[in-house]
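Here is the structure we will look at.
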Amino acid sequence: MSRLYVSAISKSCGKTTLSLGMAAALSARGLKVQPFKKGPDYIDPMWLGRAAGRTCYNLDFNTQTHEEIVALCAGAAVDADLALVEGNKGLHDGVDTLGKDSSAALAKLLGAPVVVVVDAMGMGRGVAPMLLGYKNFDPDVSIAGVILNKVGSARQESKLRSAIETYTDLKIVGAVGRDRELAVSERHLGLTTPQECLDAAPLIARASDAVAAGVNLDALLQAASRAKIFRAPPHLRVCRAPDVAIAVARDAAFGFYYPDDLNALAQAGAKLVFFDALRDENLPDCDGLLIGGGFPETSAAALSANKNLREDIRAALAGGLPCYAECGGMMYLSRSITFKGETHAMVGALPADAVMGPRPQGKGLVRVEPTLDCPWEMFPGQTIAAHEFHYARMENVDPGLRYAWKVRRGYGIDGFRDGMVVGNTLAGFAHLRDTSRLRWAENFVNFVRAQKHLARRQPAQLRA
């Protein structure tokens with residue numbers, strides 16, 4: 001399998017835009033490009049998946065074992081011509097001082113050659129020692145080439161090329177000029193999603209054209225073909241016939257789901273029924289409810305205006321419908337959302353109000369420990385690796401509220417606790433990932449199934 005890893009000198013060098021362009025340009029050649037993103041990340045994979053026409057998967061040291069990462073990469077790309085992996089931040093950046101969670105470490109694990117993106121703005125001869133440092137810092141990383149991005153002029157490009165060719169043996173595989181029309185718009189939590197961007201298709205097409213014109217795609221494919229061969233063990237899970245239905249909110253407000261988590265829910269016996277919280281007036285017929293993260297604050301007026309659905313969900317949860325909500329989903333289930341001076345009524349199933357602040361309240365990798373109040377099958381003392389990224393804080397919280405998790409690292413709801421528990425609803429800021437370390441999807445489906453069977457028995461018991 002050909003594999004190529006796209007990294008950069010630092011964050012904001014434009015590697016996502018170039019990765020989109022590569023995926024789209026190579027797909028336009030008739031190649032099957034399987035995209036991956038170094039996680040945790042939700043939004044970039046949406047764009048990469050849209051550009052490649054295939055589902056993009058996260059590869060994440062925080063939640064996955066090395067064996068799982070390799071197996072996921074091999075399995076998802078088994079019928080592809082190229083596995084294209086986009087890193088995060090800079091090539092050697094990470095939480096671990098020794099770089100065990102860096103893009104360089106992931107590229108080495110996957111045996112993938114790396115193309116390094118350089119932001120050329122303000123750069124001159126100094127690009128050479130910088131690239132020499134990146135190359136020599138870890139000689140085990142195979143750097144296949146360099147792409148100069150945001151080049152200001154032909155003169156600057158000539159100077160950069162001369163410096164790199166004179167002082168290094170690194171190959172320049174492309175140069176792309178500055179183009180404001182290429183940038184995906186950003187806001188408080190990063191890039192906008194393709195679902196929200198009306199110009200998603202034209203933007204991807206523009207990135208494809210820029211890469212096709214400025215990057216030597218044949219050189220990239222040749223480098224990718226030299227990826228180290230690995231034999232990944234089969235990553236098999238028994239699939240159960242669907243016997244419960246779980247409604248999943250998926251729209252412009254809610255869309256933060258790992259595709260392999262959705263697969264895990266289905267494999268555990270759940271039929272997933274997607275609905276639009278902005279437009280659908282009623283909750284689909286279901287045995288459980290899942291509301292992921294997203295941007296409910298930017299759609300707060302529309303969510304609030306859909307009063308029928310809000311009341312439907314509130315009544316269902318009050319009646320015992322099992323529900324799991326993450327971050328934006330929790331905000332939606334609260335009494336209200338306040339954003340930019342405006343307050344809008346939400347579902348009201350949780351005794352709290354969500355208020356958006358000017359700075360992140362919680363950001364980064366987290367560790368939580370289940371409490372005895374966690375409604376699913378989790379074990380106290382077990383440490384769960386997850387992540388959070390939210391500008392929201394929960395105010396006016398009922399002091400008697402129960403919580404599913406103790407926060408060992410991160411912030412959660414109040415710095416000490418996360419995962420509100422109200423009836424059969426669990427809602428928190430932490431984003432979970434279904435892996436061998438935490439089978440949350442199966443645990444949730446089992447809980448939904450148990451509550452469904454319990455509901456069936458109760459009428460007979462009452463009659464008796």
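Chain identifiers are assigned as A, B, and so on, following the order in which chains appear in the structure tokens; residues are numbered from 1 within each chain, and ligands are numbered from 1 in order of appearance.
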
Please, which residues of range 176-299 of chain A, numbered as in this document, come out strand (DSSP E or B) from DSSP, as a compact mmCIF listing (two decimals) with N, CA and C atoms, in the first residue's frame?
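Okay, this is what ended up in out.txt:
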# COMPACT_ATOMS: atom_id res chain seq x y z
N VAL A 176 3.40 26.71 -3.93
CA VAL A 176 2.04 27.24 -4.12
C VAL A 176 2.01 28.68 -3.65
N GLY A 177 1.44 29.54 -4.46
CA GLY A 177 1.41 30.97 -4.14
C GLY A 177 0.36 31.32 -3.11
N GLU A 186 -12.26 30.31 9.55
CA GLU A 186 -12.12 29.81 10.91
C GLU A 186 -13.01 30.60 11.84
N ARG A 187 -13.24 29.99 13.04
CA ARG A 187 -13.92 30.71 14.12
C ARG A 187 -13.40 30.17 15.44
N GLY A 190 -11.97 26.63 15.54
CA GLY A 190 -11.19 26.15 14.41
C GLY A 190 -11.92 26.38 13.10
N LEU A 191 -11.72 25.46 12.15
CA LEU A 191 -12.31 25.60 10.83
C LEU A 191 -13.83 25.42 10.88
N VAL A 215 2.31 21.55 -7.55
CA VAL A 215 2.94 20.42 -6.86
C VAL A 215 3.19 19.29 -7.85
N VAL A 244 -31.86 -2.67 18.56
CA VAL A 244 -32.28 -1.41 19.15
C VAL A 244 -32.04 -0.31 18.13
N ALA A 245 -32.81 0.75 18.24
CA ALA A 245 -32.66 1.90 17.34
C ALA A 245 -32.14 3.08 18.16
N ILE A 246 -31.09 3.71 17.65
CA ILE A 246 -30.54 4.89 18.32
C ILE A 246 -30.63 6.07 17.36
N ALA A 247 -31.33 7.10 17.80
CA ALA A 247 -31.45 8.33 17.01
C ALA A 247 -30.17 9.14 17.19
N VAL A 248 -29.62 9.63 16.08
CA VAL A 248 -28.36 10.38 16.11
C VAL A 248 -28.57 11.74 15.45
N ALA A 249 -28.33 12.82 16.19
CA ALA A 249 -28.44 14.16 15.63
C ALA A 249 -27.25 14.42 14.71
N PHE A 254 -24.69 19.72 14.88
CA PHE A 254 -24.09 18.56 15.52
C PHE A 254 -23.49 17.63 14.47
N GLY A 255 -22.21 17.38 14.56
CA GLY A 255 -21.59 16.51 13.56
C GLY A 255 -20.28 15.90 14.01
N PHE A 256 -19.93 16.07 15.29
CA PHE A 256 -18.65 15.57 15.78
C PHE A 256 -18.79 14.11 16.20
N ALA A 270 -26.95 -1.73 17.09
CA ALA A 270 -27.78 -0.53 17.00
C ALA A 270 -28.07 -0.17 15.55
N LYS A 271 -29.32 0.10 15.26
CA LYS A 271 -29.70 0.70 13.99
C LYS A 271 -29.67 2.21 14.19
N LEU A 272 -28.83 2.89 13.44
CA LEU A 272 -28.67 4.33 13.60
C LEU A 272 -29.68 5.07 12.73
N VAL A 273 -30.45 5.94 13.37
CA VAL A 273 -31.47 6.72 12.67
C VAL A 273 -31.07 8.20 12.81
N PHE A 274 -30.61 8.79 11.73
CA PHE A 274 -30.13 10.17 11.78
C PHE A 274 -31.29 11.16 11.63
N PHE A 275 -31.18 12.26 12.36
CA PHE A 275 -32.20 13.30 12.26
C PHE A 275 -31.54 14.67 12.32
N GLY A 288 -32.89 4.82 22.01
CA GLY A 288 -31.83 5.60 22.63
C GLY A 288 -31.51 6.81 21.78
N LEU A 289 -30.78 7.76 22.37
CA LEU A 289 -30.48 9.02 21.69
C LEU A 289 -29.00 9.35 21.84
N LEU A 290 -28.38 9.80 20.75
CA LEU A 290 -26.99 10.23 20.76
C LEU A 290 -26.90 11.62 20.13
N ILE A 291 -26.33 12.56 20.89
CA ILE A 291 -26.13 13.91 20.36
C ILE A 291 -24.66 14.27 20.57
N GLY A 293 -20.91 16.40 19.62
CA GLY A 293 -20.50 17.79 19.69
C GLY A 293 -20.76 18.52 18.38
N GLY A 294 -20.45 19.79 18.38
CA GLY A 294 -20.67 20.60 17.19
C GLY A 294 -20.69 22.06 17.55

Report as a PyMOL selection string: the residues of range 146-372 of chain A with a DSSP assignment of alpha helix (DSSP H), based on the backbone of this structure. chain A and resi 154-167+200-214+217-224+259-267+300-305+307-318+328-333

What's around Val422 in chain A at 12 Å? Count only C-alpha atoms, leave out sequence neighbours fewer than 5 positions away in its own chain, and write the answer as a PDB file with C-alpha atoms, in the first residue's frame.
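See result01.pdb below for the written result:
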ATOM      1  CA  ARG A 314     -37.439  16.684  26.870  1.00  0.00           C
ATOM      2  CA  LEU A 317     -35.702  11.882  28.376  1.00  0.00           C
ATOM      3  CA  ALA A 318     -38.033  12.547  31.305  1.00  0.00           C
ATOM      4  CA  GLY A 319     -39.708   9.245  30.430  1.00  0.00           C
ATOM      5  CA  GLY A 320     -36.432   7.371  30.729  1.00  0.00           C
ATOM      6  CA  LEU A 321     -35.076   7.290  27.156  1.00  0.00           C
ATOM      7  CA  PRO A 322     -31.333   6.533  27.401  1.00  0.00           C
ATOM      8  CA  CYS A 323     -29.224   9.357  26.045  1.00  0.00           C
ATOM      9  CA  TYR A 324     -25.557  10.175  25.622  1.00  0.00           C
ATOM     10  CA  ALA A 325     -24.543  13.742  24.741  1.00  0.00           C
ATOM     11  CA  MET A 330     -24.921  18.678  26.426  1.00  0.00           C
ATOM     12  CA  LEU A 333     -29.924  19.565  26.450  1.00  0.00           C
ATOM     13  CA  SER A 334     -29.371  22.364  28.982  1.00  0.00           C
ATOM     14  CA  GLY A 348     -34.221  21.917  29.393  1.00  0.00           C
ATOM     15  CA  ALA A 349     -33.475  18.300  30.270  1.00  0.00           C
ATOM     16  CA  LEU A 350     -30.371  19.265  32.268  1.00  0.00           C
ATOM     17  CA  PRO A 351     -30.482  21.642  35.269  1.00  0.00           C
ATOM     18  CA  ALA A 352     -27.845  24.047  33.944  1.00  0.00           C
ATOM     19  CA  ASP A 373     -23.106   7.133  39.290  1.00  0.00           C
ATOM     20  CA  CYS A 374     -22.050   6.323  35.720  1.00  0.00           C
ATOM     21  CA  PRO A 375     -25.156   4.659  34.220  1.00  0.00           C
ATOM     22  CA  ASP A 398     -28.093  22.101  40.348  1.00  0.00           C
ATOM     23  CA  GLY A 400     -27.331  18.100  43.931  1.00  0.00           C
ATOM     24  CA  LEU A 401     -26.456  16.849  40.439  1.00  0.00           C
ATOM     25  CA  ARG A 402     -24.725  13.480  40.067  1.00  0.00           C
ATOM     26  CA  TYR A 403     -21.645  13.060  37.863  1.00  0.00           C
ATOM     27  CA  ALA A 404     -20.327  10.083  35.926  1.00  0.00           C
ATOM     28  CA  ALA A 427     -23.866  14.387  29.177  1.00  0.00           C
ATOM     29  CA  GLY A 428     -20.387  15.868  29.459  1.00  0.00           C
TER      30      GLY A 428
END

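Remark: for Gly99 in chain A, the closest of the candidate residues A:Ala266, A:Leu20, A:Arg393, A:Asp138 is A:Asp138 (distances computed over only C-alpha atoms).
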
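Rounded to one decimal, CA of Asn149 in chain A and CA of Ala224 in chain A lie 20.3 Å from each other.
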
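In this structure, CA of Ile337 in chain A sits 6.3 Å away from CA of Asp353 in chain A.
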
Tell me which protein, DNA and RNA residues are within 8 Å of Leu182 in chain A, counting only C-alpha atoms, leaving out same-chain ones fewer than 3 positions away, and put them as a PyMOL selection string. chain A and resi 17+179+203+206-207

Atoms to include: N, CA and C atoms. Write the selected residues as an mmCIF file, in the first residue's frame.
data_model
loop_
_atom_site.group_PDB
_atom_site.id
_atom_site.type_symbol
_atom_site.label_atom_id
_atom_site.label_comp_id
_atom_site.auth_asym_id
_atom_site.auth_seq_id
_atom_site.Cartn_x
_atom_site.Cartn_y
_atom_site.Cartn_z
ATOM 1 N N THR A 17 -5.163 22.680 3.773
ATOM 2 C CA THR A 17 -5.568 23.096 2.432
ATOM 3 C C THR A 17 -4.830 22.291 1.369
ATOM 4 N N ASP A 179 -2.927 32.783 -1.705
ATOM 5 C CA ASP A 179 -4.272 32.912 -2.270
ATOM 6 C C ASP A 179 -5.266 32.886 -1.125
ATOM 7 N N LEU A 203 -14.244 25.583 -2.990
ATOM 8 C CA LEU A 203 -12.983 25.737 -2.280
ATOM 9 C C LEU A 203 -12.091 24.513 -2.508
ATOM 10 N N ARG A 206 -10.724 24.626 -5.947
ATOM 11 C CA ARG A 206 -9.659 25.617 -6.064
ATOM 12 C C ARG A 206 -8.354 25.069 -5.488
ATOM 13 N N ALA A 207 -8.455 24.369 -4.357
ATOM 14 C CA ALA A 207 -7.271 23.752 -3.758
ATOM 15 C C ALA A 207 -6.703 22.679 -4.670
#

If we count only C-alpha atoms and set the cut-off at 12 Å, which residues sit around Thr166 in chain A, ignoring sequence neighbours fewer than 3 positions away in its own chain? Please answer as a PyMOL selection string.
chain A and resi 125+127-129+132+158-163+169-171

Using only C-alpha atoms, the residue out of A:Ser7, A:Gln34, A:Ser336, A:Thr425 with shortest distance to Glu395 in chain A is A:Ser336

Exercise for the section: Find the residues around Lys15 in chain A up to 10 Å (only C-alpha atoms counted), leave out those fewer than 5 positions away in its own chain, and share them as a list in words. Expected result: Val6, Ser7, Ala8, Ile9, Ser10, Leu20, Gly21, Glu86, Gly87, Asn88, Lys89, Gly90, Val115, Val116, Val117, Val118, Asp119, Ile147 and Asn149 of chain A

Restrict the selected residues to N, CA and C atoms and save them as a CSV table (one decimal), in the first residue's frame.
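result05.csv, written as the output of this step:
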chain,number,residue,atom,x,y,z
A,6,VAL,N,1.5,14.0,5.3
A,6,VAL,CA,1.7,15.4,5.1
A,6,VAL,C,1.8,16.1,6.4
A,7,SER,N,3.0,16.7,6.7
A,7,SER,CA,3.2,17.4,7.9
A,7,SER,C,3.7,18.8,7.6
A,8,ALA,N,4.2,19.5,8.6
A,8,ALA,CA,4.5,20.9,8.4
A,8,ALA,C,5.6,21.3,9.4
A,9,ILE,N,6.2,22.5,9.2
A,9,ILE,CA,7.1,23.1,10.1
A,9,ILE,C,6.4,23.4,11.4
A,10,SER,N,5.2,23.9,11.3
A,10,SER,CA,4.4,24.3,12.5
A,10,SER,C,3.0,24.3,12.1
A,20,LEU,N,-6.1,18.7,1.3
A,20,LEU,CA,-7.4,18.7,0.5
A,20,LEU,C,-7.1,18.7,-1.0
A,21,GLY,N,-6.2,19.6,-1.4
A,21,GLY,CA,-5.9,19.7,-2.8
A,21,GLY,C,-5.3,18.4,-3.3
A,86,GLU,N,-2.8,13.2,7.0
A,86,GLU,CA,-2.5,14.6,7.4
A,86,GLU,C,-2.1,14.6,8.9
A,87,GLY,N,-1.0,15.2,9.2
A,87,GLY,CA,-0.6,15.4,10.6
A,87,GLY,C,-1.3,16.5,11.3
A,88,ASN,N,-0.9,16.8,12.5
A,88,ASN,CA,-1.4,18.0,13.2
A,88,ASN,C,-0.2,18.7,13.8
A,89,LYS,N,-0.3,20.0,13.9
A,89,LYS,CA,0.7,20.9,14.4
A,89,LYS,C,2.0,20.7,13.5
A,90,GLY,N,3.2,20.8,14.2
A,90,GLY,CA,4.4,20.7,13.5
A,90,GLY,C,4.9,19.2,13.5
A,115,VAL,N,6.1,14.5,3.5
A,115,VAL,CA,6.3,15.8,2.8
A,115,VAL,C,6.0,16.9,3.8
A,116,VAL,N,7.0,17.8,3.9
A,116,VAL,CA,6.9,18.9,4.8
A,116,VAL,C,6.5,20.2,4.2
A,117,VAL,N,5.4,20.8,4.7
A,117,VAL,CA,4.9,22.0,4.2
A,117,VAL,C,5.6,23.2,5.0
A,118,VAL,N,6.1,24.1,4.2
A,118,VAL,CA,6.7,25.3,4.8
A,118,VAL,C,5.9,26.6,4.5
A,119,ASP,N,5.5,27.3,5.5
A,119,ASP,CA,4.9,28.6,5.3
A,119,ASP,C,6.0,29.6,4.9
A,147,ILE,N,7.2,21.2,0.3
A,147,ILE,CA,6.3,22.1,-0.4
A,147,ILE,C,6.4,23.5,0.2
A,149,ASN,N,4.7,26.8,0.6
A,149,ASN,CA,3.3,27.3,0.6
A,149,ASN,C,3.3,28.8,0.9

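Nearest residue to Phe447 in chain A among A:Val114, A:Asp218, A:Leu265, A:Thr338 is A:Leu265, counting only C-alpha atoms.
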
Of A:Ala201, A:Leu18, A:Val355, A:Ala52, the one nearest to Lys150 in chain A when counting only C-alpha atoms is A:Leu18

Taking only C-alpha atoms into account, produce a table as a Markdown table in which each residue of range 2-74 of chain A with an atom at most 9 Å from an atom of range 259-263 of chain A appears once, together with its shortest atom pair and the distance in Å to one decimal, ordered by chain and rising number.
| residue | atom | partner | partner_atom | distance |
| --- | --- | --- | --- | --- |
| A:Thr55 | CA | A:Pro259 | CA | 7.5 |
| A:Cys56 | CA | A:Pro259 | CA | 7.9 |
| A:Tyr57 | CA | A:Pro259 | CA | 6.9 |
| A:Asn58 | CA | A:Pro259 | CA | 8.8 |

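The shortest atom-to-atom distance to Phe389 in chain A, with only C-alpha atoms taken into account, belongs to A:Tyr42 out of A:Tyr42, A:Trp405, A:Phe444, A:Phe230.
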
Margin query: With only C-alpha atoms as the counted atoms, please give the residues lying no more than 12 Å from Asn136 in chain A, apart from itself and same-chain residues fewer than 5 positions off, as a ChimeraX atom specification.
Written below: /A:92,129-131,141-143,168-170

Would you write out, as a tab-separated table, a table of all residues in range 315-362 of chain A that have an atom no more than 10 Å from an atom of range 406-418 of chain A, listing for each the closest atom pair and the distance in Å to one decimal, considering only C-alpha atoms and ordering rows by chain and rising residue number?
residue	atom	partner	partner_atom	distance
A:Cys327	CA	A:Gly412	CA	9.5
A:Gln361	CA	A:Tyr411	CA	7.3
A:Gly362	CA	A:Tyr411	CA	5.3

Got time to write the residues from that selection, C-alpha atoms, as a PDB file, in the first residue's frame?
ATOM      1  CA  CYS A 327     -20.128  18.876  24.597  1.00  0.00           C
ATOM      2  CA  GLN A 361     -12.637  26.734  29.241  1.00  0.00           C
ATOM      3  CA  GLY A 362     -11.175  23.327  28.535  1.00  0.00           C
TER       4      GLY A 362
END

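Minimum atom-to-atom distances from A:Ser12, A:Ala219, A:Gly122, A:Gln382 to Val146 in chain A were compared using only C-alpha atoms, and the lowest value belongs to A:Ala219.
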
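Counting from CA of Arg29 in chain A, the distance to CA of Ala80 in chain A is 13.3 Å.
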